[in-house]
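For reference, the structure is listed below as structure tokens.
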Amino acid sequence: MQLRLRVITITCALTVLARTTQSQVLERVRSNDNRARAGILSGTTRALRMEARMADWHPDGDDKPGAAIPVFAEIGRQASVPGPLIRVPAGTDVIAVVRNAVPNTVLTIHGLHSRPVIGAAFNDSVQLRYAQIQTLRFKLDRPGTYYYWGTTTNSSFRNRTHEDAQLTGAIVVDEAGQRQSKDRVLVIGEWADSALSETNRRPTRLLFVINGRSWPGTDHLSYERGDTVRWRVINASAELHPMHLHGFYFRVRRRGDGRADTVTGARGDLVNTERMLPGSTMYATWVASRVGNWLFHCNIPEHIAVRGPLGYPPPVILAQAGKMSSGNMSTAMGGLVAGIEIKPAEDDTTELTPTVPAPNPAARHLRLLLRPSVGSTPLRPYYSIAVDAPAGSSEPAPDTGQRAGPPLVLTRGEPVSIMVVNRLTEPTSVHWHGIELESYYDGVPGISGVKPQLAPVIAPADSFEVRFTPPRAGTFIYHTHVDELRQERGGLAGPLLVVEKGRFDLAKDFTVLISSPSDSADEEHAVLLNGRLQPAPLMLRSRVTSRVRLINITTARPGIRAELLQDTSLVTWRPVAKDGADLPQDARTTRPARQPISIGETMDFEFFPTKPGDYRMEIRSELGILLGTLLVRVQ
């Protein structure tokens, strides 16, 4: 009875508010870190009152330009992006009184309903005219990560990119009877001119946020060494995001789509890059075992590039001439980036592992030479990478035109010293994508390491020594982490293969690196395969099992798929590894040779051709458009 009276009081109060005017100055939006629960709990029922209203949003920082947008808010509390967090134990009844306070609109709200959703024809939407109020009652039974979202423009989820794209809030249902875990809820948002597509790949406005803020204003996540990190990530944007964690693997324990949330297996999927579709969710865990500064970010360079206020592009002349390079990536990145700091535990009495390991006399020594190729210009750069041993070796001759970096083959458990030599005319750095190593060598200038000793940018005519010991065999990537849109397209990326000693056979091991042409006209309709628009064929042997390593390091193709065919039919292959980590046996099932692979992901397959002949690998866009073909000749 007491709760019912509260709901009636809330409804009456909202009715009074509906008759008032909105002549006051718009309030400032706060960034919601999703730690405080909305509403009031009484027994097994949580009641909340909320509305959509106009507010002043400053995603780049309080001192940066803002914009008036519709957002969700609890009545009587400051408006927030994302909206109020609805967090309850399983079995909780929810009473939500909602109101549309956005003038001259019809508000459509999705997601305020029970889970699981039963029935294909289920309609989860509620429509409210301006000043209209409605009371919604639903029960949350199924543990998982969900969300609610709204639109004032009658847009679908995939087309909700304008001002009302921030009408989103998280819903978390915890296991009944269990103490709430110390997790963080990260909601990805977007503000763009329109959804990206094959015909719209260059929007003017493109802004991505985490919990309402764009890097470097995003929350910096702090942990102690040894902590188990738990994240709930919600992709509330209209774009696919391959989310990459530097220096560590994480286990995806659950995946969802807003309506359902499913356990991935007994131990979860071990990855360092997770392909998050629009509207998808994940619950992930990892152990913060090494001190230092790290990043969790989208692998699409444009989604982490520096942009002007509110997502508008920076001056074109700076981007084209390579002037975005910086010695501190805190100011040379933007958008969909979260910073992570791992400190020693307060009660940790053990000796702190040095952030810069001492030279190892037993290490294998290599040089990685980063150089302009013949034909390179400031507006259309061509870069090449050469790998050589320093002792008594002569430098390889310069390459010509477009290239991709050659495979860098290391041995698991063998210490390595790699001297990265910058012969370019602009600063750069190299990130060892997927490798578990000390923070100082991770390759993000001004961030990697532990203050005051942070990794420097590699200036022109300078070098930087990287030291690590690869802990596992697998397929990884080395690539620039400075001005990726320019430098990766120029050719500063290559395969990084870690192999077991004595087990690497070039006759049975093949790498397919998928990258982007430097010419924007070519990029619209093609990808490079092993650095070429017309790549050399792979030469395999009949009735011999070969390992095929796929790597996507394009700059704008997160939704591509690879297919292996003979004539017009898919052949079969067997997946064996993802992101350099071996798959469990129950995931190594022979299947048709078709695989989506996003930017920053690697996938390893075993292929057993039963007869000679010509096969072909096709790389296709998300819509099935052919972007590249690689001949596979079986003898």
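By order in the structure tokens, chains are A, B, ...; within a chain, residues start at 1; ligands start at 1, following the order shown.
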Inset, instruction - Find the spatial neighbours of stretch 498-512 of chain A, counting only C-alpha atoms, within a cut-off of 8 Å - ignore same-chain residues fewer than 4 positions away - and output them as a ChimeraX atom specification. - result: /A:409-412,470,472-476,529-530,538,540,544-551
Legend entry - Sel. of alpha helix (DSSP H) residues, stretch 173-347 of chain A, as a PyMOL selection string: chain A and resi 316-320
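Residues with any atom within 10 Å of A:Gly256, counting only C-alpha atoms and excluding same-chain neighbours fewer than 3 positions away, are Gly144, Thr145, Tyr146, Ile234, Arg259, Ala260, Asp261, Thr262, Val263, Thr264, Gly279, Ser280, Thr281, Met282 and Tyr283 of chain A.
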Take the residues that were just selected and, keeping all heavy atoms, output them as a compact mmCIF listing (two decimals), in the first residue's frame.
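Generated file (out.txt):
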# COMPACT_ATOMS: atom_id res chain seq x y z
N GLY A 144 21.59 -10.62 -16.30
CA GLY A 144 22.27 -10.21 -17.52
C GLY A 144 22.40 -8.71 -17.62
O GLY A 144 22.03 -7.96 -16.72
N THR A 145 22.94 -8.28 -18.77
CA THR A 145 23.15 -6.86 -19.07
C THR A 145 22.22 -6.46 -20.19
O THR A 145 22.25 -7.05 -21.28
CB THR A 145 24.61 -6.62 -19.50
OG1 THR A 145 25.49 -7.13 -18.49
CG2 THR A 145 24.88 -5.14 -19.70
N TYR A 146 21.38 -5.47 -19.93
CA TYR A 146 20.37 -5.04 -20.90
C TYR A 146 20.41 -3.50 -20.98
O TYR A 146 21.28 -2.86 -20.40
CB TYR A 146 18.98 -5.51 -20.48
CG TYR A 146 18.91 -6.99 -20.17
CD1 TYR A 146 18.98 -7.45 -18.85
CD2 TYR A 146 18.77 -7.93 -21.19
CE1 TYR A 146 18.91 -8.82 -18.56
CE2 TYR A 146 18.70 -9.29 -20.92
CZ TYR A 146 18.78 -9.72 -19.60
OH TYR A 146 18.71 -11.07 -19.32
N ILE A 234 28.03 -2.04 -23.12
CA ILE A 234 26.82 -1.94 -23.93
C ILE A 234 27.12 -1.07 -25.14
O ILE A 234 27.51 0.09 -24.99
CB ILE A 234 25.66 -1.32 -23.12
CG1 ILE A 234 25.32 -2.19 -21.90
CG2 ILE A 234 24.43 -1.11 -24.00
CD1 ILE A 234 24.35 -1.53 -20.93
N ARG A 259 17.70 -7.90 -25.46
CA ARG A 259 16.53 -8.70 -25.09
C ARG A 259 16.91 -9.97 -24.35
O ARG A 259 16.26 -10.35 -23.38
CB ARG A 259 15.71 -9.06 -26.34
CG ARG A 259 15.01 -7.90 -26.99
CD ARG A 259 14.02 -8.40 -28.03
NE ARG A 259 13.20 -7.34 -28.56
CZ ARG A 259 12.11 -7.53 -29.31
NH1 ARG A 259 11.75 -8.77 -29.61
NH2 ARG A 259 11.41 -6.53 -29.76
N ALA A 260 17.97 -10.61 -24.81
CA ALA A 260 18.43 -11.86 -24.21
C ALA A 260 19.89 -11.71 -23.83
O ALA A 260 20.62 -10.89 -24.40
CB ALA A 260 18.24 -13.03 -25.16
N ASP A 261 20.33 -12.50 -22.86
CA ASP A 261 21.71 -12.48 -22.40
C ASP A 261 22.11 -13.92 -22.11
O ASP A 261 21.45 -14.60 -21.32
CB ASP A 261 21.83 -11.62 -21.14
CG ASP A 261 23.27 -11.38 -20.74
OD1 ASP A 261 23.87 -12.30 -20.14
OD2 ASP A 261 23.81 -10.30 -21.01
N THR A 262 23.20 -14.39 -22.74
CA THR A 262 23.53 -15.81 -22.73
C THR A 262 24.93 -16.04 -22.21
O THR A 262 25.87 -15.33 -22.59
CB THR A 262 23.42 -16.40 -24.16
OG1 THR A 262 22.13 -16.10 -24.69
CG2 THR A 262 23.61 -17.91 -24.13
N VAL A 263 25.09 -17.06 -21.37
CA VAL A 263 26.40 -17.47 -20.90
C VAL A 263 27.17 -18.08 -22.07
O VAL A 263 26.63 -18.88 -22.84
CB VAL A 263 26.28 -18.48 -19.74
CG1 VAL A 263 27.65 -18.98 -19.32
CG2 VAL A 263 25.56 -17.84 -18.56
N THR A 264 28.45 -17.72 -22.24
CA THR A 264 29.23 -18.17 -23.39
C THR A 264 29.85 -19.55 -23.20
O THR A 264 30.34 -20.14 -24.15
CB THR A 264 30.35 -17.17 -23.72
OG1 THR A 264 31.17 -16.99 -22.57
CG2 THR A 264 29.76 -15.83 -24.13
N GLY A 279 23.91 -2.56 -30.65
CA GLY A 279 22.91 -3.13 -29.75
C GLY A 279 23.38 -4.32 -28.95
O GLY A 279 22.62 -4.88 -28.17
N SER A 280 24.64 -4.72 -29.10
CA SER A 280 25.13 -5.90 -28.39
C SER A 280 25.67 -5.51 -27.01
O SER A 280 26.00 -4.36 -26.74
CB SER A 280 26.22 -6.60 -29.19
OG SER A 280 27.37 -5.78 -29.30
N THR A 281 25.75 -6.52 -26.14
CA THR A 281 26.30 -6.33 -24.81
C THR A 281 27.29 -7.46 -24.51
O THR A 281 27.23 -8.52 -25.11
CB THR A 281 25.21 -6.34 -23.72
OG1 THR A 281 24.65 -7.66 -23.63
CG2 THR A 281 24.10 -5.36 -24.05
N MET A 282 28.20 -7.20 -23.58
CA MET A 282 29.06 -8.28 -23.09
C MET A 282 29.38 -8.06 -21.63
O MET A 282 29.44 -6.92 -21.14
CB MET A 282 30.36 -8.38 -23.90
CG MET A 282 31.38 -7.30 -23.66
SD MET A 282 33.00 -7.72 -24.41
CE MET A 282 33.90 -6.19 -24.17
N TYR A 283 29.57 -9.17 -20.93
CA TYR A 283 30.09 -9.17 -19.56
C TYR A 283 31.43 -9.86 -19.63
O TYR A 283 31.52 -11.02 -20.05
CB TYR A 283 29.14 -9.89 -18.62
CG TYR A 283 29.68 -10.04 -17.20
CD1 TYR A 283 29.97 -8.92 -16.44
CD2 TYR A 283 29.90 -11.30 -16.66
CE1 TYR A 283 30.46 -9.06 -15.15
CE2 TYR A 283 30.39 -11.44 -15.37
CZ TYR A 283 30.67 -10.31 -14.62
OH TYR A 283 31.16 -10.44 -13.35
Legend entry - Selected residue of minimal separation from A:Arg364 among A:Gly531, A:Gly628, A:Gly580, A:Gly413, counting only C-alpha atoms: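 Among the listed residues, the smallest separation from A:Arg364 belongs to A:Gly413.
Take the candidates A:Asn104, A:Ser463, A:Thr554, A:Thr469 and check each one against A:Gln487 using only C-alpha atoms; the shortest distance goes to A:Thr554.
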Inset, instruction - Fewer than 6 positions away in the same chain doesn't count, so skip those; otherwise give me all residues within 10 Å of stretch 598-601 of chain A, counting only C-alpha atoms, as a count of residues only. - result: 37
